[in-house]
Amino acid sequence: ADDDVIEYFTNLIAEGQAASQTYEVPTDASMYKPTDDSVTDYGTYDFIIIGGGVTGSVVASRLSEMENRKVLLLEAGTFADEEFLRIPSMTAFLSTSPVQWGFKSIPQKTACLSLINQRCSGSRGKGMGGTSILNGGIYQRGVPKGFDYWAKLTNDPGWSYENLLPFFKKSEDFHHNDPTAPADLQYHGTGGYLNVEYVMPRNPITDIFLEANKELGNPIVDYNGPSQIGATIFQLYMKNGQRLNVSSAFLDPVMDRKNLEILIESYVTKVNIDKNDKRAVGVTFTHHGKTYRANADREVILSAGVFQTPQLLLLSGIGPKAHLEEVGVEVIEDLDGVGSSLQDDVINQMVIFKSNYTAKSTPMEQQIQQYLDGRGPMTEVLSSQGVGFFQSQYETDDLIDLELISATTSASEFGRKYMSMRAETYNAIWGNATSGMAINIANVNPVSKGTVRLKSNSPYDYPLIDFNLMNDPEDRDIAVMYEGVKRVMQLMKTSAYQKYGTEFLANPIPECLSHELWTKDYWYCFLRHTSVSAYHTRGSCPMGSDPKNGAVVDNELKVFGIKNLRVIDSSVMPVTMSGHNTGTCIVIAEKASEYIKGHHK
Ligand SMILES: Cc1cc2nc3c(=O)[nH]c(=O)nc-3n(C[C@H](O)[C@H](O)[C@H](O)COP(=O)(O)OP(=O)(O)OC[C@H]3O[C@@H](n4cnc5c(N)ncnc54)[C@H](O)[C@@H]3O)c2cc1C
């Protein structure tokens with residue numbers, strides 16, 4: 001590239017990083033408040049989709065394939081396809097930028113204890129593409145047994161892995177651009193909207209991780225193939241080393257469809273329901289200071305994500321009666337499950353090792369040059385692409401409950417702020433060290449559940465989020481994490497890591513000094529203080545067959561008790577699929593679109 005292009009990217013990166021340092025994330029949605037009381041009719045559509053995130057983008061793309069059906073998609077944010085947002089290595093800076101909603105949990109008692117005010121982050125993307133604007137880009141489908149369990153819960157074999165596989169393949173365009181990466185090609189699709197590829201060249205840390213796993217006898221697998229147990233290399237939805245958010249992937253190619261309207265900067269405040277026959281008839285939303293009402297002849301589809309979908313149901317009078325009465329919302333349908341079974345995985349990124357491994361540093365100019373060729377450090381969201389999925393001794397459902405992610409890490413004020421960790425704890429862990437290696441530990445099949453509730457009956461208040469991580473009475477969730485710590489210690493003892501003189505950074509945190517160091521009690525204390533939500537948030541409006549057992553939607557994702565209303569997003573996942581859930585969200589949207597198209601040809 002010529003000097004102008006290099007200079008352009010150099011400035012873009014400097015400006016993007018600087019903007020992120022000073023940006024304050026909002027603490028409520030008051031920026032969407034209308035400036036007067038008037039309500040304008042926005043017109044009538046067949047389908048109205050709320051939210052242009054991962055699932056909303058796929059649903060809009062598939063429903064607008066029916067040329068005779070008018071589709072309106074309402075998204076609170078804007079299009080998020082600027083150059084800076086497409087650079088994978090800039091992802092961390094997006095967490096303090098206008099594409100971030102900035103949700104935080106209420107103060108927690110069993111995890112996130114060393115975070116400021118004991119509040120876990122509830123990071124969510126705002127804009128077309130939703131959370132895929134700022135996520136890790138990891139493409140993982142989930143454990144087949146997990147989906148088979150969904151099928152059982154809903155009495156619908158359509159949700160079994162075998163029956164979902166064609167949908168997974170349909171949306172994928174797999175590129176085996178790292179030919180030595182494990183890939184079971186018959187499980188992958190080509191020609192779909194979602195480009196899937198590997199970071200090139202492979203980060204040397206990834207190879208160290210794979211070698212260490214081989215030494216311990218762990219298999220090397222394609223985690224999107226038939227078996228997930230073992231170590232592997234992340235597959236990413238990126239295109240030529242650039243971030244590909246799900247809106248760019250599924251909607252950019254179909255933007256010229258006359259029957260698809262996308263209205264950005266539109267904040268939905270309510271689903272309008274005809275009380276006589278409990279039927280969703282449209283939505284109310286604000287746009288540039290004015291209030292509008294749009295009508296849906298056929299269906300309203302909630303794809304507002306795991307926190308805002310239950311928030312909107314509650315604001316619309318659908319949810320646990322006692323809670324609605326408490327906050328002053330008129331009850332339309334008493335549905336206990338709404339917001340009542342929030343789940344997230346728990347992750348710890350603070351078990352750090354010093355070593356004499358030094359990452360090769362590449363001058364910025366060369367990084368930009370490589371990026372323009374679709375390669376190199378700027379194409380990496382994560383410092384390594386090595387990952388392993390395992391069953392701990394506590395895994396009783398034959399799913400997968402332990403994920404170990406290889407990483408390099410370094411101490412910085414930005415890193416501390418990104419985690420929102422108290423300085424005292426962060427500095428104690430790092431001591432005099434400034435960089436190291438880590439293997440992040442996640443429990444990806446926890447049993448603990450939390451809630452999403454309304455703070456008030458105002459749509460401009462953020463919802464109250466309570467993750468309740470590692471809060472099960474039997475302490476199974478924390479026991480899995482502790483087993484993860486022990487496995488990480490074992491991995492670090494392998495010759496693959498010992499070649500680099502890898503050694504645990506044994507600096508205790510002040511909060512846990514009353515426990516004998518490195519005993520189980522100390523580690524439990526450490527894990528509760530420094531473990532956080534893993535951003536695999538799900539389950540706030542689960543699918544199932546009986547609303548009395550907490551289900552909010554049926555097998556076709558229709559809300560129990562209300563006609564013409566569906567939830568299609570991460571909220572509906574009834575149990576884990578053991579990992580990163582964008583791929584799963586895409587398949588949920590593909591499958592649900594098929595049901596809708598079957599009904600409304
Ligand atoms: C930091 C981070 C990293 C992650 N990394 C990965 C990863 O590497 N791989 C992976 O598979 N998963 C990852 N995830 C998880 C994944 O991104 C989410 O599970 C997925 O995006 C959920 O999709 P969704 O459609 O349910 O919601 P979203 O993608 O969040 O979409 C919801 C959309 O609705 C809009 N909206 C909300 N309320 C309203 C309203 N009232 N009116 C109008 N619009 C509204 C939002 O602005 C948003 O665009 C990560 C998540 C985070 C936070």
# chains A, B, ... in the order shown; residues from 1 in each chain; ligands from 1

$ residues_near_ligand --ligand "ligand 1" --cutoff "7 Å" --atoms "only C-alpha atoms and all ligand atoms" --output "number ranges by chain"
A: 50-56, 74-77, 122-132, 134-140, 266-269, 303-306, 308-309, 312, 535-537, 569-571, 580-583, 585

$ select_by_dssp --residues "stretch 189-425 of chain A" --states "strand (DSSP E or B)" --output "ChimeraX atom specification"
/A:194-197,220,230-233,236-239,242-243,260-263,266-274,279-287,290-302,318-319,333-334,342-343,346-348,352-354,386-390,402-410,421

$ atom_distance --atom1 "atom CA of A:Asn356" --atom2 "atom CA of A:Gly386"
19.2 Å

$ residues_around --residues "A:Phe467" --least-positions-apart "5" --cutoff "8 Å" --atoms "only C-alpha atoms" --output "compact mmCIF listing (two decimals) with C-alpha atoms, in the first residue's frame"
# COMPACT_ATOMS: atom_id res chain seq x y z
CA SER A 105 -25.29 -6.23 36.75
CA GLN A 108 -23.03 -9.50 43.04
CA CYS A 120 -20.28 -7.79 36.42
CA LEU A 342 -30.86 -15.86 32.91
CA GLN A 343 -27.73 -17.92 32.43
CA ASP A 344 -24.17 -17.07 31.68
CA LYS A 449 -29.41 -18.98 37.22
CA GLY A 450 -30.07 -15.26 37.51
CA THR A 451 -32.76 -12.80 36.49
CA SER A 533 -19.50 -13.32 33.17

$ residues_around --residues "stretch 508-514 of chain A" --least-positions-apart "3" --cutoff "6 Å" --atoms "only C-alpha atoms" --output "MDAnalysis selection string"
chainID A and resid 425 428 525

$ select_by_dssp --residues "stretch 275-497 of chain A" --states "helix (DSSP H, G or I)" --output "PyMOL selection string"
chain A and resi 305-315+321-327+364-372+377-379+413-419+423-430+476-493+495-497

$ residues_around --residues "A:Asn276" --least-positions-apart "6" --cutoff "12 Å" --atoms "only C-alpha atoms" --output "MDAnalysis selection string"
chainID A and resid 332:333 562:563

$ closest_residue --among "A:His529, A:Arg243, A:Arg453, A:Lys591" --to "A:Glu82" --atoms "only C-alpha atoms"
A:Arg243

$ atom_distance --atom1 "atom CA of A:Ile318" --atom2 "atom CA of A:Asn555"
18.6 Å

$ atom_distance --atom1 "atom CA of A:Asn443" --atom2 "atom CA of A:Pro473"
16.3 Å

$ closest_atom_pairs --of "stretch 229-324 of chain A" --to "stretch 211-217 of chain A" --cutoff "12 Å" --atoms "only C-alpha atoms" --output "tab-separated table"
residue	atom	partner	partner_atom	distance
A:Ile229	CA	A:Asn213	CA	11.5
A:Gly230	CA	A:Asn213	CA	7.9
A:Ala231	CA	A:Asn213	CA	6.6
A:Thr232	CA	A:Asn213	CA	9.4

$ residues_around --residues "A:Trp430" --least-positions-apart "4" --cutoff "7 Å" --atoms "only C-alpha atoms" --output "count of residues only"
3

$ closest_residue --among "A:Asp401, A:Asp184, A:Glu67, A:Asp2" --to "A:Ile220" --atoms "only C-alpha atoms"
A:Asp184

$ residues_around --residues "A:Leu153" --least-positions-apart "5" --cutoff "9 Å" --atoms "only C-alpha atoms" --output "number ranges by chain"
A: 148, 543-545, 555, 574
